[in-house]
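Quick look at query-v5.cif (mmCIF, C-alpha atoms and all ligand atoms):
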```cif
data_run
loop_
_atom_site.label_atom_id
_atom_site.label_comp_id
_atom_site.auth_asym_id
_atom_site.auth_seq_id
_atom_site.Cartn_x
_atom_site.Cartn_y
_atom_site.Cartn_z
CA MET A 421 -13.62 -1.70 -59.61
CA LYS A 422 -12.19 -3.53 -56.63
CA PRO A 423 -9.60 -6.18 -57.65
CA ARG A 424 -11.07 -9.70 -57.44
CA ARG A 425 -8.26 -11.66 -59.13
CA ILE A 426 -4.60 -11.31 -58.20
CA ALA A 427 -1.67 -13.04 -59.90
CA ILE A 428 1.59 -13.29 -57.96
CA ALA A 429 4.97 -14.14 -59.51
CA GLY A 430 7.12 -16.24 -57.16
CA ALA A 431 6.21 -18.76 -54.45
CA GLY A 432 8.94 -17.85 -51.98
CA LEU A 433 8.13 -16.65 -48.47
CA ALA A 434 6.96 -13.25 -49.81
CA GLY A 435 4.64 -14.54 -52.52
CA LEU A 436 3.11 -17.28 -50.38
CA TYR A 437 2.56 -14.95 -47.44
CA ALA A 438 0.81 -12.40 -49.66
CA ALA A 439 -1.24 -15.19 -51.25
CA ALA A 440 -2.44 -16.36 -47.83
CA ALA A 441 -3.19 -12.86 -46.56
CA LEU A 442 -5.04 -11.77 -49.72
CA ALA A 443 -6.98 -15.02 -50.18
CA ARG A 444 -8.18 -14.73 -46.57
CA ARG A 445 -9.79 -11.44 -47.64
CA GLY A 446 -11.87 -13.29 -50.21
CA VAL A 447 -9.78 -12.43 -53.29
CA GLU A 448 -9.01 -15.05 -55.95
CA VAL A 449 -5.22 -15.58 -55.93
CA VAL A 450 -2.94 -17.54 -58.22
CA VAL A 451 0.80 -17.84 -57.51
CA VAL A 452 3.06 -18.71 -60.45
CA GLU A 453 6.40 -20.30 -59.56
CA ARG A 454 9.27 -21.16 -61.90
CA ALA A 455 10.57 -24.10 -59.83
CA ALA A 456 9.00 -27.52 -60.33
CA ALA A 457 8.68 -28.00 -56.56
CA LEU A 458 8.51 -25.61 -53.64
CA GLY A 459 11.62 -25.47 -51.51
CA GLU A 460 13.99 -23.39 -49.42
CA ALA A 461 17.67 -23.79 -48.63
CA GLY A 462 18.36 -26.37 -45.92
CA ALA A 463 19.11 -23.78 -43.28
CA GLY A 464 17.47 -21.74 -40.56
CA ILE A 465 15.76 -18.40 -40.38
CA GLN A 466 14.95 -16.14 -37.45
CA ILE A 467 11.44 -14.76 -37.12
CA SER A 468 11.25 -11.77 -34.81
CA PRO A 469 8.01 -10.88 -32.97
CA ASN A 470 6.83 -8.47 -35.70
CA GLY A 471 6.94 -11.43 -38.10
CA ALA A 472 5.51 -14.02 -35.69
CA ARG A 473 2.52 -11.73 -35.12
CA LEU A 474 1.86 -11.74 -38.88
CA LEU A 475 2.22 -15.52 -39.09
CA ALA A 476 -0.57 -15.70 -36.50
CA ARG A 477 -2.68 -13.46 -38.74
CA ILE A 478 -2.64 -16.03 -41.60
CA GLY A 479 -3.11 -18.97 -39.22
CA ALA A 480 0.46 -20.29 -39.59
CA LEU A 481 1.98 -19.49 -36.20
CA THR A 482 0.93 -22.68 -34.40
CA ALA A 483 2.60 -24.88 -37.03
CA VAL A 484 5.73 -22.72 -37.07
CA GLU A 485 6.00 -22.69 -33.26
CA ALA A 486 5.64 -26.46 -33.14
CA ALA A 487 8.71 -26.82 -35.37
CA ALA A 488 10.73 -23.90 -34.00
CA PHE A 489 13.14 -23.14 -31.17
CA GLN A 490 12.58 -20.14 -28.92
CA PRO A 491 15.95 -18.67 -27.88
CA GLU A 492 16.47 -17.41 -24.34
CA ALA A 493 18.54 -14.44 -25.49
CA ALA A 494 20.39 -12.75 -28.33
CA GLU A 495 24.13 -12.35 -27.84
CA ILE A 496 27.06 -10.69 -29.52
CA ARG A 497 30.37 -12.30 -28.54
CA LEU A 498 33.94 -11.75 -29.65
CA GLY A 499 34.96 -14.68 -31.83
CA VAL A 500 38.47 -15.17 -30.46
CA SER A 501 38.15 -14.28 -26.76
CA GLY A 502 34.50 -15.25 -26.34
CA ALA A 503 33.87 -12.04 -24.32
CA THR A 504 30.20 -11.06 -24.32
CA VAL A 505 29.53 -7.66 -25.89
CA LEU A 506 25.75 -7.81 -25.65
CA HIS A 507 23.27 -10.10 -23.93
CA LEU A 508 19.61 -9.28 -24.58
CA PRO A 509 16.97 -11.49 -22.99
CA LEU A 510 14.42 -12.89 -25.47
CA GLY A 511 12.16 -15.89 -24.63
CA ALA A 512 9.36 -14.85 -22.28
CA VAL A 513 10.79 -11.32 -22.04
CA ALA A 514 10.42 -10.80 -25.80
CA GLU A 515 6.94 -12.24 -25.84
CA ALA A 516 5.80 -10.00 -22.98
CA ARG A 517 7.44 -6.86 -24.37
CA TRP A 518 6.58 -7.22 -28.07
CA GLY A 519 3.43 -9.35 -27.87
CA ALA A 520 4.66 -12.31 -29.94
CA PRO A 521 7.48 -14.87 -29.71
CA TYR A 522 10.98 -14.65 -31.17
CA LEU A 523 11.48 -17.89 -33.13
CA GLN A 524 14.21 -19.78 -34.94
CA VAL A 525 12.85 -22.16 -37.56
CA HIS A 526 14.05 -24.37 -40.39
CA ARG A 527 13.27 -22.64 -43.69
CA ALA A 528 11.56 -25.73 -45.07
CA ASP A 529 9.23 -25.84 -42.03
CA LEU A 530 8.42 -22.13 -42.36
CA LEU A 531 7.73 -22.38 -46.09
CA ALA A 532 5.52 -25.45 -45.57
CA ALA A 533 3.48 -23.61 -42.92
CA VAL A 534 3.02 -20.51 -45.08
CA GLU A 535 2.20 -22.64 -48.13
CA ALA A 536 -0.43 -24.54 -46.12
CA ALA A 537 -1.93 -21.22 -44.98
CA ALA A 538 -2.11 -20.03 -48.60
CA ARG A 539 -3.73 -23.26 -49.83
CA ASN A 540 -6.16 -23.38 -46.89
CA ALA A 541 -7.25 -19.84 -47.72
CA GLY A 542 -8.00 -20.97 -51.28
CA ALA A 543 -4.95 -19.66 -53.19
CA ALA A 544 -3.86 -21.67 -56.25
CA ILE A 545 -0.16 -22.39 -56.71
CA ARG A 546 1.09 -23.19 -60.18
CA LEU A 547 4.56 -24.77 -60.32
CA GLY A 548 7.03 -25.11 -63.18
CA ALA A 549 5.90 -21.91 -64.93
CA ALA A 550 8.47 -19.16 -65.53
CA VAL A 551 7.31 -15.56 -65.76
CA THR A 552 9.03 -13.68 -68.58
CA GLY A 553 7.21 -10.36 -68.36
CA VAL A 554 4.04 -8.51 -67.42
CA GLY A 555 1.35 -6.74 -69.37
CA GLN A 556 -1.35 -4.30 -68.33
CA THR A 557 -4.29 -2.32 -69.67
CA PRO A 558 -6.36 0.34 -67.86
CA THR A 559 -8.62 -2.45 -66.54
CA GLY A 560 -6.37 -5.46 -65.98
CA ALA A 561 -2.88 -6.95 -65.80
CA ALA A 562 -1.24 -10.25 -66.69
CA LEU A 563 1.81 -12.36 -66.00
CA LEU A 564 3.37 -13.45 -69.28
CA LEU A 565 4.82 -16.97 -69.17
CA GLU A 566 7.52 -18.77 -71.08
CA GLY A 567 5.73 -20.42 -73.98
CA GLY A 568 3.48 -17.44 -74.60
CA GLU A 569 0.63 -18.01 -72.15
CA ALA A 570 -0.77 -15.05 -70.19
CA VAL A 571 -2.17 -15.43 -66.65
CA GLU A 572 -4.77 -12.68 -66.55
CA ALA A 573 -5.86 -10.90 -63.40
CA ASP A 574 -7.00 -7.51 -62.15
CA VAL A 575 -3.58 -6.79 -60.62
CA VAL A 576 -0.15 -8.43 -60.56
CA ILE A 577 2.40 -8.67 -57.74
CA GLY A 578 6.07 -9.43 -58.36
CA ALA A 579 7.42 -11.51 -55.46
CA ASP A 580 10.14 -13.08 -57.57
CA GLY A 581 13.19 -12.27 -55.47
CA VAL A 582 16.31 -10.16 -55.86
CA ARG A 583 16.63 -11.10 -59.56
CA SER A 584 13.02 -10.09 -60.20
CA THR A 585 11.80 -10.38 -63.77
CA VAL A 586 8.75 -8.29 -62.87
CA ARG A 587 10.95 -5.47 -61.64
CA THR A 588 12.95 -5.58 -64.87
CA ALA A 589 9.72 -5.53 -66.88
CA LEU A 590 8.56 -2.42 -65.01
CA PHE A 591 11.75 -0.40 -64.68
CA GLY A 592 14.35 -1.91 -67.01
CA PRO A 593 17.42 -4.01 -66.29
CA VAL A 594 19.62 -3.22 -63.28
CA GLU A 595 22.05 -6.01 -62.48
CA PRO A 596 22.13 -7.29 -58.89
CA ARG A 597 25.30 -5.98 -57.22
CA PHE A 598 27.66 -8.19 -55.20
CA THR A 599 27.78 -6.71 -51.68
CA GLY A 600 31.31 -7.93 -50.98
CA GLN A 601 30.05 -10.60 -48.58
CA VAL A 602 29.59 -14.34 -48.88
CA ALA A 603 27.65 -16.55 -46.49
CA TRP A 604 28.11 -20.26 -45.78
CA ARG A 605 24.96 -21.82 -44.37
CA GLY A 606 24.34 -25.24 -42.94
CA THR A 607 22.95 -27.31 -40.09
CA VAL A 608 24.49 -29.79 -37.68
CA PRO A 609 22.60 -32.32 -35.51
CA ARG A 610 22.79 -31.37 -31.85
CA ALA A 611 23.68 -35.01 -31.16
CA ALA A 612 26.97 -34.48 -33.06
CA LEU A 613 28.12 -31.88 -30.50
CA ARG A 614 29.28 -32.14 -26.90
CA PRO A 615 26.47 -31.09 -24.51
CA GLY A 616 26.63 -27.36 -23.74
CA THR A 617 28.65 -26.45 -26.86
CA VAL A 618 25.86 -24.22 -28.18
CA HIS A 619 23.97 -21.98 -25.75
CA PRO A 620 20.18 -21.66 -26.14
CA THR A 621 20.74 -18.20 -27.62
CA ALA A 622 20.94 -16.55 -31.03
CA THR A 623 24.67 -15.87 -30.91
CA VAL A 624 26.57 -13.59 -33.27
CA TRP A 625 30.33 -14.26 -33.00
CA VAL A 626 32.18 -11.25 -34.39
CA GLY A 627 35.69 -10.60 -35.70
CA PRO A 628 37.51 -8.48 -38.25
CA GLY A 629 35.92 -8.88 -41.67
CA ARG A 630 33.71 -11.80 -40.67
CA HIS A 631 31.04 -13.07 -38.32
CA LEU A 632 29.32 -16.31 -37.49
CA VAL A 633 25.76 -16.80 -36.27
CA THR A 634 24.77 -19.98 -34.40
CA TYR A 635 21.35 -20.98 -33.10
CA TYR A 636 19.07 -23.97 -32.55
CA LEU A 637 16.23 -25.13 -34.81
CA ARG A 638 13.58 -27.86 -34.61
CA ARG A 639 13.03 -27.65 -30.86
CA GLY A 640 16.77 -27.92 -30.33
CA ASP A 641 17.51 -31.02 -32.44
CA LEU A 642 19.52 -29.07 -35.05
CA VAL A 643 22.06 -26.26 -34.84
CA ASN A 644 22.07 -23.71 -37.66
CA PHE A 645 25.11 -21.72 -38.70
CA VAL A 646 25.52 -18.73 -41.00
CA ALA A 647 29.16 -17.76 -41.49
CA VAL A 648 29.82 -14.50 -43.32
CA GLU A 649 33.14 -13.39 -44.78
CA GLU A 650 34.06 -10.24 -46.74
CA ARG A 651 35.42 -10.90 -50.23
CA SER A 652 36.35 -8.63 -53.07
CA GLU A 653 34.56 -10.61 -55.76
CA TRP A 654 32.12 -13.42 -56.45
CA ARG A 655 33.32 -15.59 -59.27
CA ALA A 656 30.56 -18.15 -59.67
CA GLU A 657 27.93 -17.97 -62.39
CA ASP A 658 25.22 -18.75 -59.90
CA TRP A 659 24.63 -16.87 -56.66
CA SER A 660 24.47 -19.98 -54.49
CA GLN A 661 26.59 -23.10 -54.73
CA LYS A 662 27.81 -26.06 -52.73
CA GLY A 663 30.35 -24.88 -50.16
CA ASP A 664 33.30 -26.77 -48.74
CA PRO A 665 33.14 -27.14 -44.94
CA ALA A 666 36.98 -27.06 -44.92
CA ASP A 667 36.89 -23.47 -46.25
CA VAL A 668 34.52 -22.22 -43.58
CA ARG A 669 36.54 -23.98 -40.87
CA ALA A 670 39.70 -22.31 -42.17
CA ALA A 671 38.02 -18.88 -42.24
CA PHE A 672 37.10 -19.14 -38.53
CA ALA A 673 40.14 -21.06 -37.25
CA GLY A 674 41.22 -19.99 -33.77
CA TRP A 675 37.76 -18.79 -32.67
CA ARG A 676 36.05 -20.08 -29.51
CA PRO A 677 34.94 -23.72 -29.39
CA GLY A 678 31.27 -22.65 -29.13
CA ALA A 679 31.72 -21.38 -32.68
CA THR A 680 34.29 -23.69 -34.20
CA ASP A 681 32.90 -26.97 -32.83
CA VAL A 682 29.75 -26.37 -34.86
CA LEU A 683 31.78 -25.82 -38.02
CA ALA A 684 33.94 -28.87 -37.23
CA ALA A 685 30.80 -31.03 -37.15
CA ALA A 686 29.45 -29.71 -40.47
CA GLU A 687 29.48 -32.36 -43.20
CA THR A 688 27.99 -30.13 -45.90
CA CYS A 689 27.17 -26.46 -46.40
CA LEU A 690 25.95 -24.03 -49.02
CA LEU A 691 27.85 -20.93 -50.08
CA TRP A 692 25.92 -17.81 -51.08
CA GLY A 693 27.07 -14.58 -52.61
CA LEU A 694 25.05 -11.79 -50.97
CA PHE A 695 23.62 -9.47 -53.63
CA ASP A 696 21.48 -6.38 -53.57
CA ARG A 697 20.06 -4.01 -56.12
CA PRO A 698 19.65 -0.26 -56.05
CA ALA A 699 16.15 0.73 -54.91
CA PRO A 700 13.63 0.78 -57.76
CA PRO A 701 12.25 4.23 -58.66
CA ALA A 702 8.83 3.11 -57.35
CA TRP A 703 7.33 -0.03 -55.84
CA SER A 704 4.60 -0.19 -58.46
CA SER A 705 3.57 0.99 -61.86
CA GLY A 706 -0.15 1.07 -62.55
CA ARG A 707 -1.62 -2.33 -61.74
CA VAL A 708 1.69 -4.09 -61.07
CA ALA A 709 3.55 -3.92 -57.74
CA LEU A 710 6.68 -5.44 -56.19
CA MET A 711 7.23 -6.94 -52.74
CA GLY A 712 9.88 -8.72 -50.68
CA ASP A 713 13.41 -9.07 -52.07
CA ALA A 714 12.09 -8.00 -55.49
CA CYS A 715 11.86 -4.42 -54.22
CA HIS A 716 13.91 -4.21 -51.00
CA PRO A 717 16.65 -6.85 -50.86
CA MET A 718 18.75 -6.46 -47.73
CA LEU A 719 21.82 -7.88 -46.09
CA PRO A 720 20.68 -10.59 -43.68
CA PHE A 721 22.36 -8.94 -40.66
CA MET A 722 19.12 -7.79 -39.04
CA ALA A 723 17.41 -11.15 -39.80
CA GLN A 724 14.52 -9.22 -41.36
CA GLY A 725 14.31 -9.97 -45.12
CA ALA A 726 11.44 -12.45 -44.86
CA VAL A 727 9.80 -10.65 -41.97
CA GLN A 728 9.72 -7.41 -43.97
CA ALA A 729 8.15 -9.36 -46.84
CA PHE A 730 5.42 -10.53 -44.43
CA GLU A 731 4.81 -6.88 -43.52
CA ASP A 732 4.49 -6.08 -47.26
CA GLY A 733 1.95 -8.87 -47.64
CA ALA A 734 -0.08 -7.70 -44.65
CA ALA A 735 -0.13 -4.12 -45.99
CA LEU A 736 -1.24 -5.31 -49.43
CA ALA A 737 -4.01 -7.40 -47.86
CA ARG A 738 -5.23 -4.35 -45.95
CA LEU A 739 -5.13 -1.90 -48.84
CA LEU A 740 -5.83 -3.81 -52.04
CA PRO A 741 -9.08 -5.82 -51.78
CA GLN A 742 -11.19 -2.83 -50.82
CA ALA A 743 -9.62 -0.35 -53.27
CA ASP A 744 -11.66 1.01 -56.19
CA ASP A 745 -8.41 2.25 -57.72
CA PRO A 746 -5.71 -0.48 -57.48
CA ALA A 747 -2.96 1.85 -58.72
CA ALA A 748 -3.76 4.26 -55.88
CA ALA A 749 -3.79 1.34 -53.41
CA PHE A 750 -0.32 0.33 -54.61
CA ARG A 751 0.93 3.88 -54.11
CA ALA A 752 -0.55 3.89 -50.59
CA TYR A 753 1.24 0.55 -49.98
CA GLU A 754 4.56 2.09 -50.93
CA ILE A 755 3.95 5.13 -48.73
CA ALA A 756 3.09 2.81 -45.82
CA ARG A 757 6.00 0.42 -46.29
CA ARG A 758 8.95 2.02 -48.04
CA PRO A 759 10.32 4.20 -45.21
CA ARG A 760 10.33 1.27 -42.80
CA ALA A 761 11.90 -1.20 -45.25
CA THR A 762 14.57 1.40 -46.09
CA ARG A 763 15.31 1.89 -42.40
CA VAL A 764 15.75 -1.84 -41.91
CA GLN A 765 18.06 -2.04 -44.95
CA ALA A 766 20.22 0.70 -43.43
CA ALA A 767 20.24 -1.01 -40.04
CA ALA A 768 21.45 -4.25 -41.66
CA GLN A 769 24.29 -2.36 -43.33
CA ALA A 770 25.21 -0.74 -40.02
CA ASN A 771 25.37 -4.21 -38.46
CA ALA A 772 27.85 -5.29 -41.14
CA ARG A 773 30.17 -2.47 -39.98
CA LEU A 774 29.55 -3.36 -36.32
CA PHE A 775 30.08 -7.10 -36.68
CA HIS A 776 33.13 -6.84 -38.95
CA ALA A 777 34.96 -3.94 -37.28
CA THR A 778 38.75 -4.13 -37.65
CA GLY A 779 41.47 -2.52 -35.56
CA LEU A 780 41.61 -2.37 -31.78
CA VAL A 781 40.50 1.24 -31.47
CA ASP A 782 37.55 0.89 -33.81
CA ARG A 783 36.48 -2.28 -32.06
CA PHE A 784 36.80 -0.71 -28.61
CA PHE A 785 34.75 2.36 -29.51
CA ARG A 786 32.04 0.26 -31.13
CA TYR A 787 31.75 -2.55 -28.57
CA ALA A 788 32.47 -0.87 -25.22
CA PRO A 789 29.44 1.49 -25.25
CA ILE A 790 27.14 -1.38 -26.25
CA ALA A 791 28.50 -3.64 -23.52
CA LEU A 792 28.29 -0.91 -20.89
CA GLY A 793 24.83 0.26 -21.96
CA ALA A 794 23.37 -3.26 -21.91
CA ARG A 795 24.80 -3.88 -18.42
CA LEU A 796 23.80 -0.55 -16.89
CA ALA A 797 20.46 -0.08 -18.62
CA PRO A 798 19.18 -3.44 -19.94
CA ARG A 799 15.66 -2.11 -20.42
CA PHE A 800 16.98 0.73 -22.54
CA ALA A 801 18.88 -1.80 -24.68
CA LEU A 802 15.62 -3.67 -25.29
CA SER A 803 13.71 -0.47 -25.98
CA ARG A 804 16.06 0.29 -28.89
CA LEU A 805 14.36 -2.60 -30.72
CA ASP A 806 10.78 -1.48 -30.03
CA TRP A 807 10.46 0.26 -33.42
CA LEU A 808 11.27 -3.01 -35.15
CA TYR A 809 9.90 -5.86 -33.06
CA GLY A 810 6.98 -3.96 -31.51
CA HIS A 811 5.61 -2.87 -34.87
CA VAL A 812 2.03 -3.98 -35.55
CA GLU A 813 1.20 -3.79 -39.25
CA ALA A 814 -2.38 -2.49 -39.35
CA ALA A 815 -4.99 -5.18 -40.16
C1 LIG B 901 22.25 -15.97 -45.34
C2 LIG B 901 20.86 -15.40 -45.20
C3 LIG B 901 20.22 -15.40 -43.96
C4 LIG B 901 18.96 -14.82 -43.81
N1 LIG B 901 18.35 -14.83 -42.58
C5 LIG B 901 17.13 -14.26 -42.42
C6 LIG B 901 16.48 -14.26 -41.15
O1 LIG B 901 17.01 -14.80 -40.16
N2 LIG B 901 15.24 -13.68 -41.04
C7 LIG B 901 14.61 -13.10 -42.14
O2 LIG B 901 13.49 -12.60 -42.00
N3 LIG B 901 15.21 -13.10 -43.36
C8 LIG B 901 16.45 -13.66 -43.52
N4 LIG B 901 17.03 -13.68 -44.75
C9 LIG B 901 16.35 -13.03 -45.89
C10 LIG B 901 15.25 -13.90 -46.48
O3 LIG B 901 15.73 -15.20 -46.74
C11 LIG B 901 14.78 -13.27 -47.79
O4 LIG B 901 14.55 -11.88 -47.61
C12 LIG B 901 13.47 -13.90 -48.21
O5 LIG B 901 13.61 -15.30 -48.33
C13 LIG B 901 13.03 -13.31 -49.54
O6 LIG B 901 11.86 -13.91 -49.94
P1 LIG B 901 11.23 -13.59 -51.37
O7 LIG B 901 10.05 -14.47 -51.45
O8 LIG B 901 11.08 -12.11 -51.53
O9 LIG B 901 12.35 -14.02 -52.42
P2 LIG B 901 12.88 -15.48 -52.79
O10 LIG B 901 13.05 -16.31 -51.57
O11 LIG B 901 14.07 -15.27 -53.64
O12 LIG B 901 11.71 -16.12 -53.62
C14 LIG B 901 11.44 -15.74 -54.95
C15 LIG B 901 10.66 -16.87 -55.63
O13 LIG B 901 10.33 -16.45 -56.96
C16 LIG B 901 10.65 -17.49 -57.86
N5 LIG B 901 10.95 -16.85 -59.15
C17 LIG B 901 12.02 -16.08 -59.45
N6 LIG B 901 11.95 -15.67 -60.71
C18 LIG B 901 10.80 -16.20 -61.23
C19 LIG B 901 10.19 -16.13 -62.50
N7 LIG B 901 10.73 -15.45 -63.51
N8 LIG B 901 9.01 -16.78 -62.69
C20 LIG B 901 8.43 -17.49 -61.66
N9 LIG B 901 8.99 -17.59 -60.45
C21 LIG B 901 10.15 -16.95 -60.23
C22 LIG B 901 11.85 -18.19 -57.24
O14 LIG B 901 12.02 -19.50 -57.74
C23 LIG B 901 11.48 -18.17 -55.76
O15 LIG B 901 10.68 -19.26 -55.41
C24 LIG B 901 18.30 -14.25 -44.93
C25 LIG B 901 18.92 -14.27 -46.20
C26 LIG B 901 20.18 -14.85 -46.34
C27 LIG B 901 20.82 -14.85 -47.70
#
```
Target encoding structure tokens, full file:
Amino acid sequence: MKPRRIAIAGAGLAGLYAAAALARRGVEVVVVERAAALGEAGAGIQISPNGARLLARIGALTAVEAAAFQPEAAEIRLGVSGATVLHLPLGAVAEARWGAPYLQVHRADLLAAVEAAARNAGAAIRLGAAVTGVGQTPTGAALLLEGGEAVEADVVIGADGVRSTVRTALFGPVEPRFTGQVAWRGTVPRAALRPGTVHPTATVWVGPGRHLVTYYLRRGDLVNFVAVEERSEWRAEDWSQKGDPADVRAAFAGWRPGATDVLAAAETCLLWGLFDRPAPPAWSSGRVALMGDACHPMLPFMAQGAVQAFEDGAALARLLPQADDPAAAFRAYEIARRPRATRVQAAAQANARLFHATGLVDRFFRYAPIALGARLAPRFALSRLDWLYGHVEAA
């Protein structure tokens, strides 16, 4: 029988996107979220055209665009000298080439837009309910909640992030692994900076063992920064904590003013340990599947974690509601999505090596061909992103 009721664990970007996409197909959806209120870290997120296209599909793009900033270009620049390694036009060029805009948006604005799309499509969101496990029979599945209640459905989706309880319930415990990188994140009002300090670009400032990303949000009223540093260990109990702006300023001391002026203006920031988990043996088991960071957590260096979760949600919405055999639909979902998500994970890891290269020779052999290629053959440089940004997840 085709699944008519779907229970989703986790109301992050993955779970809410899937809820919107599935509910729009006429399926009854309930999302169960541990937190008492919906929220995202007070920082920015980049949505590439493959993700913007999928926001349009759930009716959320107009709201996201209204709150976003559209960068003119993506740049890689050397942190100390400021020399430009790569300049790729985005803006109208991106929209024409890949059929949807490249956007930078505050996470709270993005989550609110996706939540509104889910609610408008009829999905129910239940807050303050922690999932402790899953159960399934040949004809149904359930989310098991703290306190003993079961939320019954025809199928269950685990969208509960890198520390997924649903994944543990399916495949046993595998501790998240510290990737050796920490990220400070924060925002600064544009008004706190001298005019022209931050270019209207998504800029990655690179240096040995660290990099810093700066870009505008909220139509240019806010500047977002993500500052990443390699570390041998993560000592905190939690994986995110309050950061000290003095630490991030010290880590990037001596870099160009376009980078350091933003950090100098930061009054607060968050510090995250970046964790991943080995790939699960499968993305589903019977009537229970995983999506988003619960099954393919990735370093943020391709700016694709949330966008790949949207692609998961779109694939589930295509395959699940019309499937007589939900377990087979989940296997088809994995076949459709896993190779691509794995490729993006690998690309993000490659960017860590590129951004953090140490030693003059290594840096020269990594950056010179990119700089030369982008100058001599700019169209070719853009075409290298076609597989990612030009992807249209089938409807
Ligand atoms: C520094 C940084 C920068 C990034 N930049 C980008 C970017 O520019 N572009 C991009 O696309 N991606 C980016 N990402 C990645 C992106 O943020 C994540 O991939 C995405 O948010 C994952 O969404 P998710 O819904 O799968 O997981 P989460 O956001 O972790 O959401 C999981 C939800 O499940 C809930 N939950 C967990 N356990 C339970 C439970 N037991 N019961 C009930 N609820 C539960 C949680 O409370 C949470 O609401 C970045 C990540 C980082 C760290």
(request) Would you mind listing what lies within 9 Å of stretch 726-730 of chain A as a PyMOL selection string, with all atoms listed in the file counted and same-chain residues fewer than 6 positions away left out? (result) chain A and resi 433-435+437-438+465-468+470-472+474-475+579+711-713+716+757+760-761+764
(request) Name the closest residue to A:Val594 among the candidates A:Asp696, A:Glu535, A:Glu515, A:Glu495; distances are taken between atoms, counting only C-alpha atoms. (result) A:Asp696
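The nearest approach to ligand LIG 901 (chain B) among the residues A:Val551, A:Val505, A:Ile428, A:Ala520, with all atoms listed in the file taken into account, belongs to A:Val551.
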(request) Do a neighbour search on A:Ala686 at 7 Å with all atoms listed in the file, toss out local chain neighbours closer than 6 positions, and write the hits as number ranges by chain. (result) A: 607-608, 665
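Comparing A:Met722, A:Leu802, A:Ala756, A:Leu774 by their smallest distance to A:Ala493, the closest is A:Leu802 (using only C-alpha atoms).
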